[in-house]
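What follows is final.pdb (PDB, C-alpha atoms).
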ATOM      1  CA  LYS A   1     -18.953  -6.181   2.618
ATOM      2  CA  ALA A   2     -16.917  -7.728  -0.144
ATOM      3  CA  GLY A   3     -13.291  -6.669  -0.229
ATOM      4  CA  VAL A   4     -11.311  -5.169  -3.071
ATOM      5  CA  THR A   5     -11.141  -7.525  -6.022
ATOM      6  CA  GLN A   6      -8.567  -7.564  -8.790
ATOM      7  CA  THR A   7      -8.630  -9.452 -12.048
ATOM      8  CA  PRO A   8      -6.858 -11.308 -13.396
ATOM      9  CA  ARG A   9      -4.753 -12.653 -10.549
ATOM     10  CA  TYR A  10      -1.930 -13.811 -12.810
ATOM     11  CA  LEU A  11      -0.805 -12.749 -16.265
ATOM     12  CA  ILE A  12       2.022 -13.775 -18.553
ATOM     13  CA  LYS A  13       2.812 -11.483 -21.485
ATOM     14  CA  THR A  14       5.674 -10.969 -23.882
ATOM     15  CA  ARG A  15       7.645  -7.820 -24.495
ATOM     16  CA  GLY A  16       5.859  -5.274 -26.672
ATOM     17  CA  GLN A  17       2.372  -6.433 -25.792
ATOM     18  CA  GLN A  18      -0.095  -4.423 -23.792
ATOM     19  CA  VAL A  19      -2.117  -5.402 -20.750
ATOM     20  CA  THR A  20      -5.205  -4.184 -18.889
ATOM     21  CA  LEU A  21      -5.760  -4.846 -15.205
ATOM     22  CA  SER A  22      -9.043  -4.363 -13.394
ATOM     23  CA  CYS A  23      -9.919  -3.342  -9.853
ATOM     24  CA  SER A  24     -13.312  -3.311  -8.155
ATOM     25  CA  PRO A  25     -13.298  -1.268  -4.929
ATOM     26  CA  ILE A  26     -15.256  -1.901  -1.765
ATOM     27  CA  SER A  27     -18.845  -0.809  -2.168
ATOM     28  CA  GLY A  28     -19.159   2.899  -1.349
ATOM     29  CA  HIS A  29     -15.458   3.629  -1.823
ATOM     30  CA  ARG A  30     -14.835   6.253  -4.452
ATOM     31  CA  SER A  31     -11.046   6.529  -4.331
ATOM     32  CA  VAL A  32      -8.865   3.936  -6.052
ATOM     33  CA  SER A  33      -5.064   3.902  -6.013
ATOM     34  CA  TRP A  34      -2.667   1.707  -7.955
ATOM     35  CA  TYR A  35       0.789   0.573  -6.872
ATOM     36  CA  GLN A  36       3.608  -1.436  -8.386
ATOM     37  CA  GLN A  37       5.601  -3.703  -6.080
ATOM     38  CA  THR A  38       8.948  -5.238  -7.005
ATOM     39  CA  PRO A  39      11.646  -6.783  -4.792
ATOM     40  CA  GLY A  40      14.131  -4.093  -5.741
ATOM     41  CA  GLN A  41      11.986  -0.945  -5.621
ATOM     42  CA  GLY A  42       9.393  -1.834  -3.017
ATOM     43  CA  LEU A  43       5.916  -0.360  -3.220
ATOM     44  CA  GLN A  44       5.701   2.495  -5.702
ATOM     45  CA  PHE A  45       2.672   4.691  -6.274
ATOM     46  CA  LEU A  46       1.308   4.740  -9.817
ATOM     47  CA  PHE A  47      -1.831   6.892  -9.714
ATOM     48  CA  GLU A  48      -5.010   7.635  -7.833
ATOM     49  CA  TYR A  49      -8.529   8.202  -9.078
ATOM     50  CA  PHE A  50     -11.453   9.817  -7.309
ATOM     51  CA  SER A  51     -14.843  10.400  -8.885
ATOM     52  CA  GLU A  52     -13.487   9.412 -12.307
ATOM     53  CA  THR A  53     -10.659  11.996 -12.128
ATOM     54  CA  GLN A  54      -6.957  11.293 -11.791
ATOM     55  CA  ARG A  55      -5.836  13.290  -8.747
ATOM     56  CA  ASN A  56      -2.308  12.060  -8.195
ATOM     57  CA  LYS A  57       0.276  10.484 -10.427
ATOM     58  CA  GLY A  58       3.543   8.800  -9.584
ATOM     59  CA  ASN A  59       6.796   8.940 -11.469
ATOM     60  CA  PHE A  60       6.082   6.374 -14.179
ATOM     61  CA  PRO A  61       6.349   6.686 -17.969
ATOM     62  CA  GLY A  62       3.339   7.443 -20.125
ATOM     63  CA  ARG A  63       3.063   3.750 -21.031
ATOM     64  CA  PHE A  64       1.222   3.411 -17.735
ATOM     65  CA  SER A  65      -2.289   4.802 -17.793
ATOM     66  CA  GLY A  66      -5.549   4.306 -16.003
ATOM     67  CA  ARG A  67      -9.134   5.305 -15.752
ATOM     68  CA  GLN A  68     -12.066   5.099 -13.391
ATOM     69  CA  PHE A  69     -15.664   4.441 -14.283
ATOM     70  CA  SER A  70     -18.825   5.944 -12.838
ATOM     71  CA  ASN A  71     -19.296   2.872 -10.593
ATOM     72  CA  SER A  72     -15.780   3.526  -9.156
ATOM     73  CA  ARG A  73     -14.277   0.454 -10.794
ATOM     74  CA  SER A  74     -10.852   1.194 -12.184
ATOM     75  CA  GLU A  75      -8.569  -0.169 -14.882
ATOM     76  CA  MET A  76      -4.917   0.356 -15.527
ATOM     77  CA  ASN A  77      -3.212  -0.235 -18.828
ATOM     78  CA  VAL A  78       0.416  -0.798 -19.642
ATOM     79  CA  SER A  79       1.404  -0.549 -23.279
ATOM     80  CA  THR A  80       4.569  -1.780 -24.974
ATOM     81  CA  LEU A  81       5.511  -4.035 -22.090
ATOM     82  CA  GLU A  82       9.132  -4.269 -20.978
ATOM     83  CA  LEU A  83      10.835  -6.961 -18.935
ATOM     84  CA  GLY A  84      11.109  -4.501 -16.036
ATOM     85  CA  ASP A  85       7.327  -4.233 -15.838
ATOM     86  CA  SER A  86       7.187  -7.668 -14.242
ATOM     87  CA  ALA A  87       5.755  -6.985 -10.797
ATOM     88  CA  LEU A  88       2.859  -7.365  -8.416
ATOM     89  CA  TYR A  89       0.294  -4.673  -9.198
ATOM     90  CA  LEU A  90      -1.824  -3.704  -6.229
ATOM     91  CA  CYS A  91      -5.016  -1.743  -6.087
ATOM     92  CA  ALA A  92      -6.336  -0.039  -2.951
ATOM     93  CA  SER A  93      -9.653   1.629  -2.271
ATOM     94  CA  SER A  94     -10.830   4.127   0.340
ATOM     95  CA  PRO A  95     -13.994   6.154   0.870
ATOM     96  CA  LYS A  96     -12.153   9.313  -0.176
ATOM     97  CA  PRO A  97      -8.511  10.303  -0.758
ATOM     98  CA  GLY A  98      -6.327  10.020   2.335
ATOM     99  CA  ASP A  99      -8.743   7.764   4.220
ATOM    100  CA  GLU A 100      -7.827   4.273   5.392
ATOM    101  CA  GLN A 101      -6.803   2.197   2.388
ATOM    102  CA  PHE A 102      -7.856  -1.394   1.784
ATOM    103  CA  PHE A 103      -5.859  -3.470  -0.644
ATOM    104  CA  GLY A 104      -6.815  -6.153  -3.095
ATOM    105  CA  PRO A 105      -4.839  -9.393  -3.530
ATOM    106  CA  GLY A 106      -2.913  -8.014  -6.496
ATOM    107  CA  THR A 107      -2.226  -9.075 -10.074
ATOM    108  CA  ARG A 108       1.071 -10.829 -10.686
ATOM    109  CA  LEU A 109       2.349  -9.762 -14.110
ATOM    110  CA  THR A 110       5.235 -11.610 -15.710
ATOM    111  CA  VAL A 111       6.761 -10.216 -18.910
ATOM    112  CA  LEU A 112       8.850 -12.651 -20.954
TER     113      LEU A 112
ATOM    114  CA  LYS B   1       9.319  15.441  -0.806
ATOM    115  CA  GLN B   2       8.078  13.041   1.878
ATOM    116  CA  GLU B   3      10.414  10.170   2.712
ATOM    117  CA  VAL B   4       9.397   7.266   4.924
ATOM    118  CA  THR B   5      12.013   5.062   6.572
ATOM    119  CA  GLN B   6      11.591   1.815   8.465
ATOM    120  CA  ILE B   7      14.440   0.491  10.552
ATOM    121  CA  PRO B   8      15.412  -2.281  10.953
ATOM    122  CA  ALA B   9      14.795  -3.895   7.582
ATOM    123  CA  ALA B  10      14.531  -7.306   9.239
ATOM    124  CA  LEU B  11      13.909  -8.566  12.750
ATOM    125  CA  SER B  12      13.829 -12.012  14.350
ATOM    126  CA  VAL B  13      12.382 -12.608  17.819
ATOM    127  CA  PRO B  14      11.426 -15.670  19.878
ATOM    128  CA  GLU B  15       7.752 -16.362  20.416
ATOM    129  CA  GLY B  16       6.276 -14.465  23.345
ATOM    130  CA  GLU B  17       8.562 -11.484  23.056
ATOM    131  CA  ASN B  18       7.099  -8.038  22.353
ATOM    132  CA  LEU B  19       7.741  -6.558  18.906
ATOM    133  CA  VAL B  20       8.662  -2.913  18.402
ATOM    134  CA  LEU B  21       8.617  -1.617  14.837
ATOM    135  CA  ASN B  22       9.702   1.884  13.898
ATOM    136  CA  CYS B  23       8.616   4.263  11.164
ATOM    137  CA  SER B  24       9.999   7.744  10.563
ATOM    138  CA  PHE B  25       8.926  10.415   8.087
ATOM    139  CA  THR B  26      10.526  13.668   7.018
ATOM    140  CA  ASP B  27       7.502  15.957   6.553
ATOM    141  CA  SER B  28       5.307  16.324   9.645
ATOM    142  CA  ALA B  29       2.388  17.729   7.617
ATOM    143  CA  ILE B  30       0.660  14.372   7.330
ATOM    144  CA  TYR B  31      -3.036  13.619   7.074
ATOM    145  CA  ASN B  32      -3.005   9.997   8.267
ATOM    146  CA  LEU B  33      -0.519   7.263   9.098
ATOM    147  CA  GLN B  34      -1.426   3.654   8.402
ATOM    148  CA  TRP B  35       0.245   0.381   9.360
ATOM    149  CA  PHE B  36      -0.076  -2.735   7.186
ATOM    150  CA  ARG B  37       1.137  -6.295   7.174
ATOM    151  CA  GLN B  38       1.946  -8.231   4.048
ATOM    152  CA  ASP B  39       2.371 -11.973   3.732
ATOM    153  CA  PRO B  40       4.604 -13.258   0.900
ATOM    154  CA  GLY B  41       3.014 -12.801  -2.522
ATOM    155  CA  LYS B  42      -0.168 -11.357  -1.057
ATOM    156  CA  GLY B  43      -1.825  -7.965  -0.828
ATOM    157  CA  LEU B  44      -1.545  -5.650   2.157
ATOM    158  CA  THR B  45      -3.766  -6.000   5.206
ATOM    159  CA  SER B  46      -4.616  -2.838   7.110
ATOM    160  CA  LEU B  47      -3.717  -3.050  10.803
ATOM    161  CA  LEU B  48      -4.229   0.410  12.230
ATOM    162  CA  LEU B  49      -4.898   3.945  11.026
ATOM    163  CA  ILE B  50      -3.827   6.932  13.109
ATOM    164  CA  GLN B  51      -5.254  10.294  12.157
ATOM    165  CA  SER B  52      -2.903  13.266  12.396
ATOM    166  CA  SER B  53      -4.781  14.605  15.438
ATOM    167  CA  GLN B  54      -4.376  11.351  17.358
ATOM    168  CA  ARG B  55      -1.428  10.150  19.445
ATOM    169  CA  GLU B  56      -2.153   6.424  19.402
ATOM    170  CA  GLN B  57      -4.482   3.656  18.285
ATOM    171  CA  THR B  58      -5.019   0.190  19.738
ATOM    172  CA  SER B  59      -6.457  -3.019  18.344
ATOM    173  CA  GLY B  60      -6.095  -6.214  20.344
ATOM    174  CA  ARG B  61      -2.387  -6.960  20.792
ATOM    175  CA  LEU B  62      -1.441  -4.053  18.528
ATOM    176  CA  ASN B  63      -0.728  -0.510  19.626
ATOM    177  CA  ALA B  64       0.571   2.258  17.394
ATOM    178  CA  SER B  65       1.800   5.649  18.534
ATOM    179  CA  LEU B  66       2.331   8.804  16.527
ATOM    180  CA  ASP B  67       4.606  11.743  17.284
ATOM    181  CA  LYS B  68       4.219  14.193  14.421
ATOM    182  CA  SER B  69       6.674  16.723  15.789
ATOM    183  CA  SER B  70       9.516  14.231  15.728
ATOM    184  CA  GLY B  71       8.254  12.465  12.591
ATOM    185  CA  ARG B  72       7.919   9.055  14.200
ATOM    186  CA  SER B  73       5.463   6.241  14.659
ATOM    187  CA  THR B  74       5.966   3.010  16.558
ATOM    188  CA  LEU B  75       3.973  -0.198  16.226
ATOM    189  CA  TYR B  76       3.983  -2.461  19.286
ATOM    190  CA  ILE B  77       2.864  -6.065  19.022
ATOM    191  CA  ALA B  78       2.490  -7.733  22.402
ATOM    192  CA  ALA B  79       3.326 -11.368  23.070
ATOM    193  CA  SER B  80       4.374 -12.208  19.519
ATOM    194  CA  GLN B  81       3.278 -15.448  17.861
ATOM    195  CA  PRO B  82       4.639 -17.339  14.828
ATOM    196  CA  GLY B  83       1.555 -16.150  12.913
ATOM    197  CA  ASP B  84       2.832 -12.589  13.299
ATOM    198  CA  SER B  85       5.666 -13.397  10.894
ATOM    199  CA  ALA B  86       5.213 -11.065   7.925
ATOM    200  CA  THR B  87       6.470  -7.815   6.475
ATOM    201  CA  TYR B  88       5.119  -4.722   8.202
ATOM    202  CA  LEU B  89       4.799  -1.482   6.258
ATOM    203  CA  CYS B  90       3.875   2.005   7.316
ATOM    204  CA  ALA B  91       2.498   4.689   5.031
ATOM    205  CA  VAL B  92       1.728   8.376   5.482
ATOM    206  CA  SER B  93      -0.779  10.382   3.490
ATOM    207  CA  ASP B  94      -0.691  14.084   2.746
ATOM    208  CA  SER B  95      -3.628  16.470   2.609
ATOM    209  CA  TRP B  96      -4.027  15.677  -1.081
ATOM    210  CA  GLY B  97      -4.539  12.017  -0.189
ATOM    211  CA  LYS B  98      -1.344  10.636  -1.641
ATOM    212  CA  PHE B  99       0.251   7.812   0.376
ATOM    213  CA  GLN B 100       4.011   7.338   0.692
ATOM    214  CA  PHE B 101       5.202   3.916   1.876
ATOM    215  CA  GLY B 102       8.258   2.794   3.758
ATOM    216  CA  ALA B 103      10.250  -0.216   2.550
ATOM    217  CA  GLY B 104       8.953  -2.369   5.387
ATOM    218  CA  THR B 105      10.352  -4.454   8.229
ATOM    219  CA  GLN B 106      10.444  -8.214   7.687
ATOM    220  CA  VAL B 107       9.573  -9.972  10.948
ATOM    221  CA  VAL B 108      10.224 -13.611  11.834
ATOM    222  CA  VAL B 109       8.834 -14.989  15.088
ATOM    223  CA  THR B 110      10.506 -18.280  15.980
ATOM    224  CA  PRO B 111       8.620 -20.925  18.005
TER     225      PRO B 111
END
Output the structure of this file as structure tokens.
Amino acid sequence: KAGVTQTPRYLIKTRGQQVTLSCSPISGHRSVSWYQQTPGQGLQFLFEYFSETQRNKGNFPGRFSGRQFSNSRSEMNVSTLELGDSALYLCASSPKPGDEQFFGPGTRLTVL
Amino acid sequence: KQEVTQIPAALSVPEGENLVLNCSFTDSAIYNLQWFRQDPGKGLTSLLLIQSSQREQTSGRLNASLDKSSGRSTLYIAASQPGDSATYLCAVSDSWGKFQFGAGTQVVVTP
């Protein structure tokens, strides 16, 4: 089985722009979670989707949003980028919420 | 609110020594506990998953124990190798499926 894939792998944006990241889960996995990882804050939960519905949401501003499609692929969007949004964004998939999570390689976002 | 703590934050051992990594959590009402390793700049690799009804899980040189009543899990890595150098993270999930991660333990195995 192919693993979790994330595109793009690297992104450079400027403040004020918006960005969309994509995640394709392992085939058959219907739950997708997103995390932000920074050296200072560690791994922080953004949100989780299951069957196209957002089930859990972390403590992030409304500039961070996401969605899940009927094929379980997920996208997250960050609008009005700030310097502090520079981070590694990780996506994880599992068959259903709470099951063993498998992570993708991440998208490295740099905001200038 | 669930809090997950990993102590120590960093650990250095000579090759061949056994590694003992600790994870503690404040709310014992967990669904699963999962151990990961992360290499610099990379995603997380799943090592072991322990369901709340289990006491331990083993995979090769790795063994993880779970004591829900005391809110603790321990990951043992036998006969460490330089390739085991990485950051090890534990995470617990609740019945709603939300995972909470610890900050990790950075391990260096010296040849």
Find the spatial neighbours of Gln100 in chain B, counting all atoms listed in the file, within a cut-off of 7 Å - ignore same-chain residues fewer than 2 positions away - and output them as a list in words.
->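 That gives Val4, Ala91, Val92, Ser93, Lys98 and Gly102 of chain B.
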Picked residues, the PyMOL selection byres ((chain B) within 12 of (chain A)), as a PDB file with C-alpha atoms, in the frame of the given file:
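Saved result, expr_0.pdb, follows:
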ATOM      1  CA  VAL B   4       9.397   7.266   4.924  1.00  0.00           C
ATOM      2  CA  ILE B  30       0.660  14.372   7.330  1.00  0.00           C
ATOM      3  CA  TYR B  31      -3.036  13.619   7.074  1.00  0.00           C
ATOM      4  CA  ASN B  32      -3.005   9.997   8.267  1.00  0.00           C
ATOM      5  CA  LEU B  33      -0.519   7.263   9.098  1.00  0.00           C
ATOM      6  CA  GLN B  34      -1.426   3.654   8.402  1.00  0.00           C
ATOM      7  CA  TRP B  35       0.245   0.381   9.360  1.00  0.00           C
ATOM      8  CA  PHE B  36      -0.076  -2.735   7.186  1.00  0.00           C
ATOM      9  CA  ARG B  37       1.137  -6.295   7.174  1.00  0.00           C
ATOM     10  CA  GLN B  38       1.946  -8.231   4.048  1.00  0.00           C
ATOM     11  CA  ASP B  39       2.371 -11.973   3.732  1.00  0.00           C
ATOM     12  CA  PRO B  40       4.604 -13.258   0.900  1.00  0.00           C
ATOM     13  CA  GLY B  41       3.014 -12.801  -2.522  1.00  0.00           C
ATOM     14  CA  LYS B  42      -0.168 -11.357  -1.057  1.00  0.00           C
ATOM     15  CA  GLY B  43      -1.825  -7.965  -0.828  1.00  0.00           C
ATOM     16  CA  LEU B  44      -1.545  -5.650   2.157  1.00  0.00           C
ATOM     17  CA  THR B  45      -3.766  -6.000   5.206  1.00  0.00           C
ATOM     18  CA  SER B  46      -4.616  -2.838   7.110  1.00  0.00           C
ATOM     19  CA  LEU B  47      -3.717  -3.050  10.803  1.00  0.00           C
ATOM     20  CA  LEU B  48      -4.229   0.410  12.230  1.00  0.00           C
ATOM     21  CA  LEU B  49      -4.898   3.945  11.026  1.00  0.00           C
ATOM     22  CA  ILE B  50      -3.827   6.932  13.109  1.00  0.00           C
ATOM     23  CA  GLN B  51      -5.254  10.294  12.157  1.00  0.00           C
ATOM     24  CA  SER B  52      -2.903  13.266  12.396  1.00  0.00           C
ATOM     25  CA  THR B  87       6.470  -7.815   6.475  1.00  0.00           C
ATOM     26  CA  LEU B  89       4.799  -1.482   6.258  1.00  0.00           C
ATOM     27  CA  CYS B  90       3.875   2.005   7.316  1.00  0.00           C
ATOM     28  CA  ALA B  91       2.498   4.689   5.031  1.00  0.00           C
ATOM     29  CA  VAL B  92       1.728   8.376   5.482  1.00  0.00           C
ATOM     30  CA  SER B  93      -0.779  10.382   3.490  1.00  0.00           C
ATOM     31  CA  ASP B  94      -0.691  14.084   2.746  1.00  0.00           C
ATOM     32  CA  SER B  95      -3.628  16.470   2.609  1.00  0.00           C
ATOM     33  CA  TRP B  96      -4.027  15.677  -1.081  1.00  0.00           C
ATOM     34  CA  GLY B  97      -4.539  12.017  -0.189  1.00  0.00           C
ATOM     35  CA  LYS B  98      -1.344  10.636  -1.641  1.00  0.00           C
ATOM     36  CA  PHE B  99       0.251   7.812   0.376  1.00  0.00           C
ATOM     37  CA  GLN B 100       4.011   7.338   0.692  1.00  0.00           C
ATOM     38  CA  PHE B 101       5.202   3.916   1.876  1.00  0.00           C
ATOM     39  CA  GLY B 102       8.258   2.794   3.758  1.00  0.00           C
ATOM     40  CA  ALA B 103      10.250  -0.216   2.550  1.00  0.00           C
ATOM     41  CA  GLY B 104       8.953  -2.369   5.387  1.00  0.00           C
ATOM     42  CA  THR B 105      10.352  -4.454   8.229  1.00  0.00           C
TER      43      THR B 105
END
Interatomic distance between CA of Thr58 in chain B and CA of Ser85 in chain B?
->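 Computing it gives 19.4 Å between the two atoms.
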Which residue, A:Gly16, A:Leu46, A:Phe69, A:Val32, has the smallest gap to Leu83 in chain A when you use all atoms listed in the file?
-> A:Gly16
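Coordinates place CA of Ser73 in chain B at a distance of 24.8 Å from CA of Thr38 in chain A.
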Neighbours of Glu15 in chain B within 9 Å (only C-alpha atoms; same-chain residues fewer than 5 positions away dropped), as a ChimeraX atom specification?
-> /B:79-82,109-111
All residues 7 Å or closer to Thr5 in chain A, all atoms listed in the file, same chain fewer than 2 positions away omitted, as a PyMOL selection string | chain A and resi 3+7+23-25+104
Residues at most 12 Å from Ser70 in chain B, counting all atoms listed in the file, excluding those fewer than 3 positions away in the same chain, as a list of chain:residue names?
->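 These residues fall inside the cut-off: B:Cys23, B:Ser24, B:Phe25, B:Thr26, B:Asp27, B:Ser28, B:Ala29, B:Ser65, B:Leu66, B:Asp67, B:Ser73, B:Thr74.
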Work out how far CA of Gly84 in chain A is from CA of Thr14 in chain A, in Å to one decimal.
-> 11.5 Å
Which is closer to Ser70 in chain A than all the others in A:Glu82, A:Ala2, A:Arg30, A:Thr20, using only C-alpha atoms?
->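 For Ser70 in chain A, the nearest of the candidates is A:Arg30.
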Please evaluate the PyMOL selection byres ((chain A and resi 62) around 12) against the displayed coordinates and give the resulting residues as an MDAnalysis selection string.
-> chainID A and resid 46:47 57:61 63:66 76:81
I need the residues from that last selection saved to file as a compact mmCIF listing (two decimals), keeping the file's coordinate frame (with C-alpha atoms), if you can.
# COMPACT_ATOMS: atom_id res chain seq x y z
CA LEU A 46 1.31 4.74 -9.82
CA PHE A 47 -1.83 6.89 -9.71
CA LYS A 57 0.28 10.48 -10.43
CA GLY A 58 3.54 8.80 -9.58
CA ASN A 59 6.80 8.94 -11.47
CA PHE A 60 6.08 6.37 -14.18
CA PRO A 61 6.35 6.69 -17.97
CA ARG A 63 3.06 3.75 -21.03
CA PHE A 64 1.22 3.41 -17.74
CA SER A 65 -2.29 4.80 -17.79
CA GLY A 66 -5.55 4.31 -16.00
CA MET A 76 -4.92 0.36 -15.53
CA ASN A 77 -3.21 -0.24 -18.83
CA VAL A 78 0.42 -0.80 -19.64
CA SER A 79 1.40 -0.55 -23.28
CA THR A 80 4.57 -1.78 -24.97
CA LEU A 81 5.51 -4.04 -22.09
Apply the PyMOL selection byres ((chain A and resi 11) around 8) to the displayed file and report the matching residues as a PyMOL selection string.
-> chain A and resi 8-10+12-13+107-110
Skip Asn18 in chain B itself and residues of its chain fewer than 5 positions away, then list as a PyMOL selection string all residues within 12 Å of it, counting only C-alpha atoms.
-> chain B and resi 11-13+61-63+75-81+84+107+109
What box, with edges along x, y and z, holds each listed atom of range 29-40 of chain A when 3 Å is added on every side, and can you state its centre and edge lengths in Å to one decimal, as AutoDock Vina command-line options?
--center_x -0.7 --center_y -0.1 --center_z -5.1 --size_x 35.6 --size_y 19.3 --size_z 12.6
Fill-in result for range 94-102 of chain A, all heavy atoms as a PDB file, in the frame of the given file:
ATOM      1  N   SER A  94     -10.481   3.425  -0.894  1.00  0.00           N
ATOM      2  CA  SER A  94     -10.830   4.127   0.340  1.00  0.00           C
ATOM      3  C   SER A  94     -12.068   4.971   0.060  1.00  0.00           C
ATOM      4  O   SER A  94     -12.362   5.270  -1.098  1.00  0.00           O
ATOM      5  CB  SER A  94      -9.667   4.994   0.833  1.00  0.00           C
ATOM      6  OG  SER A  94      -9.299   5.949  -0.134  1.00  0.00           O
ATOM      7  N   PRO A  95     -12.788   5.345   1.100  1.00  0.00           N
ATOM      8  CA  PRO A  95     -13.994   6.154   0.870  1.00  0.00           C
ATOM      9  C   PRO A  95     -13.687   7.451   0.120  1.00  0.00           C
ATOM     10  O   PRO A  95     -14.414   7.821  -0.810  1.00  0.00           O
ATOM     11  CB  PRO A  95     -14.495   6.433   2.285  1.00  0.00           C
ATOM     12  CG  PRO A  95     -14.000   5.281   3.092  1.00  0.00           C
ATOM     13  CD  PRO A  95     -12.641   4.952   2.517  1.00  0.00           C
ATOM     14  N   LYS A  96     -12.609   8.108   0.527  1.00  0.00           N
ATOM     15  CA  LYS A  96     -12.153   9.313  -0.176  1.00  0.00           C
ATOM     16  C   LYS A  96     -10.648   9.400  -0.029  1.00  0.00           C
ATOM     17  O   LYS A  96     -10.057   8.700   0.797  1.00  0.00           O
ATOM     18  CB  LYS A  96     -12.850  10.569   0.342  1.00  0.00           C
ATOM     19  CG  LYS A  96     -12.572  10.929   1.786  1.00  0.00           C
ATOM     20  CD  LYS A  96     -13.360  12.169   2.157  1.00  0.00           C
ATOM     21  CE  LYS A  96     -12.923  12.732   3.507  1.00  0.00           C
ATOM     22  NZ  LYS A  96     -13.048  11.788   4.605  1.00  0.00           N
ATOM     23  N   PRO A  97      -9.978  10.223  -0.816  1.00  0.00           N
ATOM     24  CA  PRO A  97      -8.511  10.303  -0.758  1.00  0.00           C
ATOM     25  C   PRO A  97      -7.992  10.585   0.647  1.00  0.00           C
ATOM     26  O   PRO A  97      -8.529  11.431   1.360  1.00  0.00           O
ATOM     27  CB  PRO A  97      -8.201  11.467  -1.701  1.00  0.00           C
ATOM     28  CG  PRO A  97      -9.324  11.463  -2.668  1.00  0.00           C
ATOM     29  CD  PRO A  97     -10.529  11.080  -1.871  1.00  0.00           C
ATOM     30  N   GLY A  98      -6.957   9.826   1.037  1.00  0.00           N
ATOM     31  CA  GLY A  98      -6.327  10.020   2.335  1.00  0.00           C
ATOM     32  C   GLY A  98      -6.921   9.189   3.444  1.00  0.00           C
ATOM     33  O   GLY A  98      -6.320   9.047   4.508  1.00  0.00           O
ATOM     34  N   ASP A  99      -8.113   8.629   3.214  1.00  0.00           N
ATOM     35  CA  ASP A  99      -8.743   7.764   4.220  1.00  0.00           C
ATOM     36  C   ASP A  99      -8.031   6.414   4.269  1.00  0.00           C
ATOM     37  O   ASP A  99      -7.201   6.095   3.422  1.00  0.00           O
ATOM     38  CB  ASP A  99     -10.219   7.550   3.906  1.00  0.00           C
ATOM     39  CG  ASP A  99     -11.081   8.754   4.240  1.00  0.00           C
ATOM     40  OD1 ASP A  99     -10.570   9.704   4.873  1.00  0.00           O
ATOM     41  OD2 ASP A  99     -12.269   8.724   3.870  1.00  0.00           O
ATOM     42  N   GLU A 100      -8.412   5.603   5.239  1.00  0.00           N
ATOM     43  CA  GLU A 100      -7.827   4.273   5.392  1.00  0.00           C
ATOM     44  C   GLU A 100      -7.952   3.492   4.079  1.00  0.00           C
ATOM     45  O   GLU A 100      -9.042   3.407   3.504  1.00  0.00           O
ATOM     46  CB  GLU A 100      -8.517   3.514   6.516  1.00  0.00           C
ATOM     47  CG  GLU A 100      -7.889   2.165   6.828  1.00  0.00           C
ATOM     48  CD  GLU A 100      -8.500   1.500   8.049  1.00  0.00           C
ATOM     49  OE1 GLU A 100      -9.511   2.031   8.570  1.00  0.00           O
ATOM     50  OE2 GLU A 100      -7.983   0.463   8.485  1.00  0.00           O
ATOM     51  N   GLN A 101      -6.830   2.932   3.644  1.00  0.00           N
ATOM     52  CA  GLN A 101      -6.803   2.197   2.388  1.00  0.00           C
ATOM     53  C   GLN A 101      -6.945   0.701   2.641  1.00  0.00           C
ATOM     54  O   GLN A 101      -6.367   0.161   3.583  1.00  0.00           O
ATOM     55  CB  GLN A 101      -5.480   2.440   1.654  1.00  0.00           C
ATOM     56  CG  GLN A 101      -5.344   3.821   1.057  1.00  0.00           C
ATOM     57  CD  GLN A 101      -4.250   3.888  -0.008  1.00  0.00           C
ATOM     58  OE1 GLN A 101      -3.223   3.246   0.119  1.00  0.00           O
ATOM     59  NE2 GLN A 101      -4.485   4.671  -1.025  1.00  0.00           N
ATOM     60  N   PHE A 102      -7.678   0.053   1.750  1.00  0.00           N
ATOM     61  CA  PHE A 102      -7.856  -1.394   1.784  1.00  0.00           C
ATOM     62  C   PHE A 102      -7.384  -1.955   0.453  1.00  0.00           C
ATOM     63  O   PHE A 102      -7.817  -1.489  -0.604  1.00  0.00           O
ATOM     64  CB  PHE A 102      -9.321  -1.751   2.047  1.00  0.00           C
ATOM     65  CG  PHE A 102      -9.800  -1.283   3.395  1.00  0.00           C
ATOM     66  CD1 PHE A 102     -10.322  -0.011   3.553  1.00  0.00           C
ATOM     67  CD2 PHE A 102      -9.689  -2.106   4.502  1.00  0.00           C
ATOM     68  CE1 PHE A 102     -10.748   0.436   4.795  1.00  0.00           C
ATOM     69  CE2 PHE A 102     -10.120  -1.669   5.751  1.00  0.00           C
ATOM     70  CZ  PHE A 102     -10.643  -0.390   5.903  1.00  0.00           C
TER      71      PHE A 102
END
